[in-house]
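Structure record follows, encoded as structure tokens.
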There are 4 protein chains.
Amino acid sequence: MDKSKIKVSVIGATGYTGAELVKILLRHPQVKIDVITSKSFANKKISEVYPWLTTDLVCQELNINKVVSSSSFIFAALPHQASMKIVGEFYLKKKKIVDLSADFRLTDPLIYEKWYGVPHQKKELLKKAVYGLPELYREEISKARLVANPGCYPTSAILALAPLLDNDLVKENSIIIDAKTGVTGAGRRLSLATHFPEVNENIRAYQVQGHRHAPEMEQELSKLAKKKITITFVPHLVPLNRGILSSCYAALKHLISTEDVLKLYEEFYKGEPFVEILPRGEFPQTKEVVNSNRCRIGITVDKRTKRVIIISAIDNLSKGASAQAVQNMNIMCGFKETMGLN
Amino acid sequence: MDKSKIKVSVIGATGYTGAELVKILLRHPQVKIDVITSKSFANKKISEVYPWLTTDLVCQELNINKVVSSSSFIFAALPHQASMKIVGEFYLKKKKIVDLSADFRLTDPLIYEKWYGVPHQKKELLKKAVYGLPELYREEISKARLVANPGCYPTSAILALAPLLDNDLVKENSIIIDAKTGVTGAGRRLSLATHFPEVNENIRAYQVQGHRHAPEMEQELSKLAKKKITITFVPHLVPLNRGILSSCYAALKHLISTEDVLKLYEEFYKGEPFVEILPRGEFPQTKEVVNSNRCRIGITVDKRTKRVIIISAIDNLSKGASAQAVQNMNIMCGFKETMGLN
Amino acid sequence: MDKSKIKVSVIGATGYTGAELVKILLRHPQVKIDVITSKSFANKKISEVYPWLTTDLVCQELNINKVVSSSSFIFAALPHQASMKIVGEFYLKKKKIVDLSADFRLTDPLIYEKWYGVPHQKKELLKKAVYGLPELYREEISKARLVANPGCYPTSAILALAPLLDNDLVKENSIIIDAKTGVTGAGRRLSLATHFPEVNENIRAYQVQGHRHAPEMEQELSKLAKKKITITFVPHLVPLNRGILSSCYAALKHLISTEDVLKLYEEFYKGEPFVEILPRGEFPQTKEVVNSNRCRIGITVDKRTKRVIIISAIDNLSKGASAQAVQNMNIMCGFKETMGLN
Amino acid sequence: MDKSKIKVSVIGATGYTGAELVKILLRHPQVKIDVITSKSFANKKISEVYPWLTTDLVCQELNINKVVSSSSFIFAALPHQASMKIVGEFYLKKKKIVDLSADFRLTDPLIYEKWYGVPHQKKELLKKAVYGLPELYREEISKARLVANPGCYPTSAILALAPLLDNDLVKENSIIIDAKTGVTGAGRRLSLATHFPEVNENIRAYQVQGHRHAPEMEQELSKLAKKKITITFVPHLVPLNRGILSSCYAALKHLISTEDVLKLYEEFYKGEPFVEILPRGEFPQTKEVVNSNRCRIGITVDKRTKRVIIISAIDNLSKGASAQAVQNMNIMCGFKETMGLN
């Protein structure tokens with residue numbers, strides 16, 4: 001083995017985000033995958049579950065001691081609540097961790113407990129965790145040992161709105177995020193809502209009265225705005241596998257031109273390898289970003305209503321989950337940020 | 001032939017809305033289909049083009065004299081601009097007409113000319129035409145000879161918003177309509193945007209800077225509000241055949257409860273055979289209304305932002321086009337309004 | 001209530017075939033739906049489960065005495081094995097029954113037990129049951145009290161092949177049936193194989209080494225041929241909701257022309273209201289038969305290989321299940337065979 | 001530029017196969033893309049047409065002199081007939097070429113002219129061209145200057161059947177290939193048959209009486225069998241973007257076990273980097289091979305009918321077109337065969 005490579009484990013490798021992580025890590029030049037774990041498929045090759053993963057790696061039952069004895073970097077791709085304890089143990093063992101669950105995204109444990117309905121058992125770690133959106137927290141991520149990988153909807157919405165709030169351009173509480181997602185966003189667990197004949201040839205909104213990703217967006221948008229921001233967020237399920245399109249609407253404090261907003265966005269995201277601001281009059285489609293870590297953003301100002309419309313597209317499993325997790329790893333380990341992601 | 005039946009012709013029978021009209025009219029107990037016309041498929045049985053239409057009807061080249069000599073009721077399912085002249089001739093001949101194009105929907109010819117880019121050649125008829133949304137104009141429709149059948153997006157949005165404006169509940173210019181449509185809404189004409197591999201596994205917004213259905217919505221919402229209403233409307237194309245889901249957002253003038261808004265909606269649509277207000281906490285899905293003339297509406301008030309969210313679902317080819325056209329015919333001819341539509 | 005109407009119950013009304021039955025029966029002029037039962041949704045309106053069913057009917061727990069006290073006709077839309085006992089009880093009570101399960105389709109209980117892996121507990125009824133393919137057994141169905149509604153694949157394959165075997169045109173054991181189905185064919189029960197992201201953008205064969213519908217096809221094709229016929233049957237799952245396309249291949253004993261085969265088919269199906277033989281060179285598509293009880297068949301002879309190719313299309317939930325069940329009821333009750341089905 | 005890299009041009013870069021070629025070549029470590037040409041998009045960046053291609057390459061009008069002056073290797077991704085002349089010119093200029101059209105696949109120009117309906121204008125080159133299926137012709141490809149890249153259906157069918165014919169296991173003329181393809185196989189040109197609402201929720205067979213890929217399959221299967229093989233081939237269009245599943249049926253001369261057939265296949269494809277024979281009882285799904293150059297094959301023997309069933313899955317744009325073209329380039333240029341393809 002190449003001495004410069006790091007050993008990396010993936011906890012929960014057979015969900016959609018776990019498998020996507022394995023796919024990306026297999027081609028990462030500085031990584032050797034060490035342990036992959038799975039409850040449901042322990043002792044099976046992951047290539048039996050996902051035949052497009054051309055690897056002989058075998059899923060193991062999680063054994064924390066075994067993982068910490070050989071791996072220096074760990075991705076946790078577990079459901080919320082299951083994640084916090086395990087991440088806590090890895091943290092104690094001085095490992096670097098990217099947690100893909102929601103458990104360390106919200107800095108206020110009360111908000112976590114309100115939205116997720118369970119007590120937070122690792123409150124002391126909340127202060128250690130950095131929110132893993134590199135475009136906002138690159139510096140902090142580079143020094144962190146625990147990174148909370150953002151949710152898919154929040155990634156698409158925060159990237160779409162950050163420059164507006166940073167520049168104090170929009171009215172408080174005027175922000176609406178109407179997001180549409182592919183079905184992998186709901187994971188691999190079976191439910192009638194993701195049964196093929198129920199999703200196919202159908203469009204629906206869900207959790208209209210409140211989705212868990214809303215407080216995550218509000219936390220980050222408020223930090224950017226340096227005041228409390230309250231949003232309206234409505235997610236929709238559409239019949240495709242991968243992709244999120246977020247259509248964001250906000251009332252401008254003062255009318256400014258589309259050109260000037262575009263300039264602000266270009267300035268804000270200058271040098272960002274994975275964010276693209278489209279030219280005036282162009283708007284992104286999800287197929288343009290599938291299987292990539294890119295976020296594409298189109299913007300227009302509706303003069304008549306003094307409203308700005310921002311549309312962003314990401315792949316929910318890539319920039320919305322696993323590719324962004326690898327981007328965070330690259331930053332935490334001092335690798336080139338785009339390594340393994342192009 | 002049953003003497004009580006009326007003879008009906010369909011001009012432009014082989015587009016998606018024309019064929020849907022034929023399908024509905026074939027099972028209408030008070031209708032005998034007389035002439036169906038088609039440029040592209042003249043002299044062919046329509047069942048060769050659409051094998052699910054079990055009829056021996058043959059498409060003809062349009063011959064206005066022939067149609068007027070035998071038919072008393074005419075549906076025009078032609079593209080805009082092509083429609084206005086032909087509708088004008090039928091009107092002169094004292095026929096009753098439902099026009100499914102956009103040509104007689106906008107009462108102000110200047111607005112028509114601005115959005116459709118062509119001069120209006122039958123301005124004198126604009127005053128005669130009634131906007132064919134029965135839930136708002138039943139009385140006028142019953143007396144009209146020319147009904148302009150609403151666009152698919154406007155039908156879904158106006159039904160979703162009418163009670164709010166009628167009751168003066170929302171702030172001017174705060175309305176946002178984020179609509180998602182199936183691909184039949186774009187018609188049968190070929191374009192790269194509707195080529196299967198371009199639509200499938202993709203979500204996109206289109207005409208973000210202005211869609212022709214926006215002035216139609218503004219005209220009707222302004223009439224309801226008795227003042228000028230300016231909206232933001234963004235349509236999205238999603239990979240399915242039929243259905244529109246419109247997610248509408250508006251700022252409340254004064255905070256009122258979801259229950260109270262629901263009551264107002266139930267009151268407003270009391271007795272309406274095709275509009276359903278869902279119980280609190282429920283929201284519609286497009287598959288619930290496919291192949292029916294129904295519009296289903298779900299509502300919630302977001303107290304934190306003082307914003308009301310209304311989600312409506314229709315079938316773009318049914319309540320959004322051909323079934324609503326038959327509903328209008330029923331009203332114009334004194335038939336039971338639901339005849340042939342259940 | 002119209003005195004001429006019969007009272008009909010549906011046992012298992014909330015699966016896909018049960019709901020489709022309710023949909024068809026609601027518009028049947030000679031039927032009053034009496035009891036509908038559902039384990040999972042007892043005491044709920046069926047319109048809460050399927051909002052497109054515009055009815056106030058409430059699902060009940062199955063109470064056999066209650067059903068037999070008021071209904072004269074019963075549809076059983078239960079899983080195999082669950083069905084046989086219940087059907088047996090209704091039969092004892094002198095009711096007419098169409099059973100949509102597989103329990104009474106195979107006349108030989110040993111074959112049933114081999115393929116379904118459970119003992120047959122109502123063997124005495126197997127002799128009473130008539131296989132409900134009206135195009136083959138109309139006479140017997142009209143006198144039967146128990147009709148075993150055919151499987152979806154067998155319906156499409158037997159209709160495609162019957163005239164060949166009846167006329168002794170093809171070599172024994174040369175028949176291959178390559179069938180493609182939409183996902184509603186797998187029912188509403190959750191499984192990874194019907195989870196949206198697993199089906200969407202995918203094609204797969206399944207049960208390649210033996211599917212339960214093969215012995216059903218062989219039984220009927222053997223009866224037609226008056227000798228034992230052994231087939232190869234491979235079903236495939238494709239990403240759509242409704243429809244079966246069966247591509248059937250067989251070696252001709254003697255070369256005959258496509259025209260002559262077409263004539264034989266037209267003769268065989270003369271007067272059949274629901275079977276259509278397409279003109280030479282035309283082949284059916286599933287969308288042509290969706291939501292209808294029709295079976296469309298296209299045929300060609302490949303002279304070079306002396307092989308006949310027959311392609312048939314049906315809607316798996318209609319002619320492949322519920323609409324055919326109503327067709328059987330019409331025959332059993334002396335109604336017009338097409339009643340409620342056009 | 002790395003001296004060891006070769007300069008490669010792509011003629012016809014904006015069709016689906018051309019763009020896929022560019023995508024693969026961009027990450028190939030031994031290739032520098034030189035010229036890309038496009039009639040429809042000349043002078044536009046290809047990233048404007050396909051935003052997921054992260055490159056600044058600009059499409060040019062085809063100028064043969066310019067291409068030959070700088071490129072040593074050329075991919076022609078043009079329609080048949082258009083390709084032959086241009087390929088001829090590159091050949092004269094001593095370039096190495098992979099032609100993705102059908103123009104040099106059929107060795108007999110009369111068969112070409114019969115199936116493609118146009119005269120062959122470069123008959124002298126037919127003898128120079130090697131059929132680019134590496135699993136059969138690796139040696140010849142390594143010495144060739146002109147490689148005719150196989151069709152998508154033939155690739156999937158020949159790989160599925162080659163070991164049977166090579167081992168003389170099946171009866172002449174007993175082979176049936178029932179193939180199902182995604183819609184990118186039909187290319188980017190608009191047609192009603194590929195208009196979204198016509199394909200979606202539909203399955204159809206097409207060109208049942210004869211598809212151009214049949215003679216290509218027969219040519220190669222006959223060479224393997226060392227006698228004339230005549231097949232039945234029926235392609236089907238299913239609603240997804242990428243993937244071909246070919247279900248192949250053939251009568252065995254003598255009954256042999258599934259295990260023995262599997263052994264023969266494993267032997268035949270021993271060491272092949274892109275062909276996988278699945279264990280007994282397993283069959284491939286198209287999603288397992290999408291975006292890869294792999295062909296996965298599952299096999300079973302139906303003892304009752306003495307028939308062997310082989311199911312193969314490829315990605316029509318990858319192993320069925322562009323990735324296989326790069327595999328051929330790797331062989332022709334002495335690169336590692338898998339380079340850029342994993």
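We label chains A, B, ... in the order they appear in the structure tokens, count residues from 1 in each chain, and number ligands from 1 in the order shown.
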At most 7 Å to chain D: residues in chain C, only C-alpha atoms, as an MDAnalysis selection string: chainID C and resid 173 201:204 209 230 239:241 245 284:287 300 305
Residue set, stretch 196-266 of chain D restricted to helix (DSSP H, G or I), as a PyMOL selection string: chain D and resi 196-199+213-225+258-266
Surrounding residues of A:Tyr50 excluding itself and chain neighbours under 4 positions, 10 Å, only C-alpha atoms, as a ChimeraX atom specification: /A:14,16,19-20,23,45-46,54 /D:287-288
Got time to write the residues from that selection, N, CA and C atoms, as a PDB file, in the first residue's frame?
```pdb
ATOM      1  N   THR A  14     -24.273   0.314   3.302  1.00  0.00           N
ATOM      2  CA  THR A  14     -25.195  -0.239   2.310  1.00  0.00           C
ATOM      3  C   THR A  14     -26.492   0.541   2.131  1.00  0.00           C
ATOM      4  N   TYR A  16     -28.129   4.161   0.608  1.00  0.00           N
ATOM      5  CA  TYR A  16     -27.759   4.820  -0.644  1.00  0.00           C
ATOM      6  C   TYR A  16     -26.568   5.767  -0.467  1.00  0.00           C
ATOM      7  N   ALA A  19     -23.274   3.625   0.106  1.00  0.00           N
ATOM      8  CA  ALA A  19     -22.766   3.013  -1.127  1.00  0.00           C
ATOM      9  C   ALA A  19     -22.154   4.063  -2.046  1.00  0.00           C
ATOM     10  N   GLU A  20     -22.768   5.243  -2.067  1.00  0.00           N
ATOM     11  CA  GLU A  20     -22.213   6.330  -2.889  1.00  0.00           C
ATOM     12  C   GLU A  20     -20.841   6.741  -2.359  1.00  0.00           C
ATOM     13  N   LYS A  23     -18.359   4.203  -3.500  1.00  0.00           N
ATOM     14  CA  LYS A  23     -18.080   4.408  -4.927  1.00  0.00           C
ATOM     15  C   LYS A  23     -17.036   5.510  -5.127  1.00  0.00           C
ATOM     16  N   LYS A  45     -20.290  -9.507   0.467  1.00  0.00           N
ATOM     17  CA  LYS A  45     -19.596  -8.506  -0.349  1.00  0.00           C
ATOM     18  C   LYS A  45     -20.563  -7.375  -0.676  1.00  0.00           C
ATOM     19  N   ILE A  46     -20.042  -6.167  -0.621  1.00  0.00           N
ATOM     20  CA  ILE A  46     -20.925  -5.052  -0.987  1.00  0.00           C
ATOM     21  C   ILE A  46     -21.278  -5.123  -2.474  1.00  0.00           C
ATOM     22  N   THR A  54     -17.223  -2.249  -8.066  1.00  0.00           N
ATOM     23  CA  THR A  54     -16.282  -3.309  -8.450  1.00  0.00           C
ATOM     24  C   THR A  54     -15.171  -3.378  -7.414  1.00  0.00           C
TER      25      THR A  54
ATOM     26  N   LYS D 287     -29.443  -1.545 -14.478  1.00  0.00           N
ATOM     27  CA  LYS D 287     -28.869  -0.501 -13.619  1.00  0.00           C
ATOM     28  C   LYS D 287     -27.493  -0.901 -13.080  1.00  0.00           C
ATOM     29  N   GLU D 288     -27.178  -2.198 -13.109  1.00  0.00           N
ATOM     30  CA  GLU D 288     -25.876  -2.646 -12.624  1.00  0.00           C
ATOM     31  C   GLU D 288     -24.738  -2.265 -13.552  1.00  0.00           C
TER      32      GLU D 288
END
```
Mind listing the strand (DSSP E or B) residues of stretch 88-233 of chain B, per DSSP on the backbone, as a ChimeraX atom specification? /B:96-99,130-131,146-148,170,176-181,195,204-205,232-233
Store the residues picked out above, limited to C-alpha atoms, as a PDB file, in the first residue's frame.
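Output contents, as saved in out31.pdb:
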```
ATOM      1  CA  LYS B  96     -71.803  28.275 -29.568  1.00  0.00           C
ATOM      2  CA  ILE B  97     -68.063  27.864 -29.154  1.00  0.00           C
ATOM      3  CA  VAL B  98     -65.559  26.889 -26.501  1.00  0.00           C
ATOM      4  CA  ASP B  99     -62.107  28.015 -27.563  1.00  0.00           C
ATOM      5  CA  VAL B 130     -66.483  34.833 -21.168  1.00  0.00           C
ATOM      6  CA  TYR B 131     -63.583  33.368 -19.208  1.00  0.00           C
ATOM      7  CA  LEU B 146     -68.136  32.228 -26.851  1.00  0.00           C
ATOM      8  CA  VAL B 147     -66.233  30.848 -23.899  1.00  0.00           C
ATOM      9  CA  ALA B 148     -62.469  31.144 -23.564  1.00  0.00           C
ATOM     10  CA  VAL B 170     -53.457  38.583   1.617  1.00  0.00           C
ATOM     11  CA  ILE B 176     -45.916  33.312  -5.459  1.00  0.00           C
ATOM     12  CA  ILE B 177     -47.054  30.371  -7.586  1.00  0.00           C
ATOM     13  CA  ASP B 178     -44.537  27.564  -7.972  1.00  0.00           C
ATOM     14  CA  ALA B 179     -46.134  25.086 -10.385  1.00  0.00           C
ATOM     15  CA  LYS B 180     -45.003  21.659 -11.584  1.00  0.00           C
ATOM     16  CA  THR B 181     -46.443  20.094 -14.697  1.00  0.00           C
ATOM     17  CA  HIS B 195     -37.484  14.564 -26.108  1.00  0.00           C
ATOM     18  CA  ARG B 204     -36.205  22.061 -14.550  1.00  0.00           C
ATOM     19  CA  ALA B 205     -37.830  25.438 -14.244  1.00  0.00           C
ATOM     20  CA  THR B 232     -44.566  35.717  -9.310  1.00  0.00           C
ATOM     21  CA  PHE B 233     -45.160  32.553 -11.325  1.00  0.00           C
TER      22      PHE B 233
END
```
Residues near D:Lys32, cut-off 10 Å, only C-alpha atoms, skip fewer than 5 positions along chain, as a PyMOL selection string: chain D and resi 1-2+4-9+25-27+71
All residues 7 Å or closer to stretch 77-89 of chain B, only C-alpha atoms, same chain fewer than 4 positions away omitted, as a list in words: Ile11, Gly12, Ala13, Thr17, Gly18, Lys93, Asp99, Leu100, Ser101, Ala102, Asp103 and Lys122 of chain B
Generate a file of the selected residues that holds N, CA and C atoms, formatted as a JSON list (two decimals), in the first residue's frame.
```json
[["chain", "number", "residue", "atom", "x", "y", "z"],
["B", 11, "ILE", "N", -62.51, 21.08, -33.66],
["B", 11, "ILE", "CA", -61.54, 21.58, -34.64],
["B", 11, "ILE", "C", -60.14, 21.39, -34.03],
["B", 12, "GLY", "N", -59.33, 20.59, -34.69],
["B", 12, "GLY", "CA", -58.00, 20.30, -34.14],
["B", 12, "GLY", "C", -58.08, 19.12, -33.19],
["B", 13, "ALA", "N", -58.52, 17.99, -33.73],
["B", 13, "ALA", "CA", -58.87, 16.86, -32.85],
["B", 13, "ALA", "C", -57.70, 15.95, -32.53],
["B", 17, "THR", "N", -55.09, 17.80, -26.39],
["B", 17, "THR", "CA", -56.36, 18.27, -25.82],
["B", 17, "THR", "C", -57.53, 17.92, -26.74],
["B", 18, "GLY", "N", -57.31, 17.96, -28.06],
["B", 18, "GLY", "CA", -58.36, 17.57, -28.99],
["B", 18, "GLY", "C", -58.77, 16.12, -28.80],
["B", 93, "LYS", "N", -71.56, 32.86, -37.46],
["B", 93, "LYS", "CA", -72.59, 31.94, -37.90],
["B", 93, "LYS", "C", -73.51, 31.53, -36.75],
["B", 99, "ASP", "N", -63.43, 27.91, -26.95],
["B", 99, "ASP", "CA", -62.11, 28.02, -27.56],
["B", 99, "ASP", "C", -61.06, 27.61, -26.53],
["B", 100, "LEU", "N", -60.30, 26.56, -26.82],
["B", 100, "LEU", "CA", -59.29, 26.11, -25.86],
["B", 100, "LEU", "C", -57.96, 26.83, -26.01],
["B", 101, "SER", "N", -57.84, 27.70, -27.00],
["B", 101, "SER", "CA", -56.58, 28.45, -27.15],
["B", 101, "SER", "C", -56.57, 29.65, -26.20],
["B", 102, "ALA", "N", -55.48, 30.40, -26.27],
["B", 102, "ALA", "CA", -55.35, 31.59, -25.41],
["B", 102, "ALA", "C", -55.98, 32.82, -26.03],
["B", 103, "ASP", "N", -56.54, 32.71, -27.23],
["B", 103, "ASP", "CA", -56.85, 33.92, -28.00],
["B", 103, "ASP", "C", -57.94, 34.81, -27.39],
["B", 122, "LYS", "N", -59.29, 39.86, -33.78],
["B", 122, "LYS", "CA", -60.73, 39.80, -33.50],
["B", 122, "LYS", "C", -61.04, 40.53, -32.19]]
```
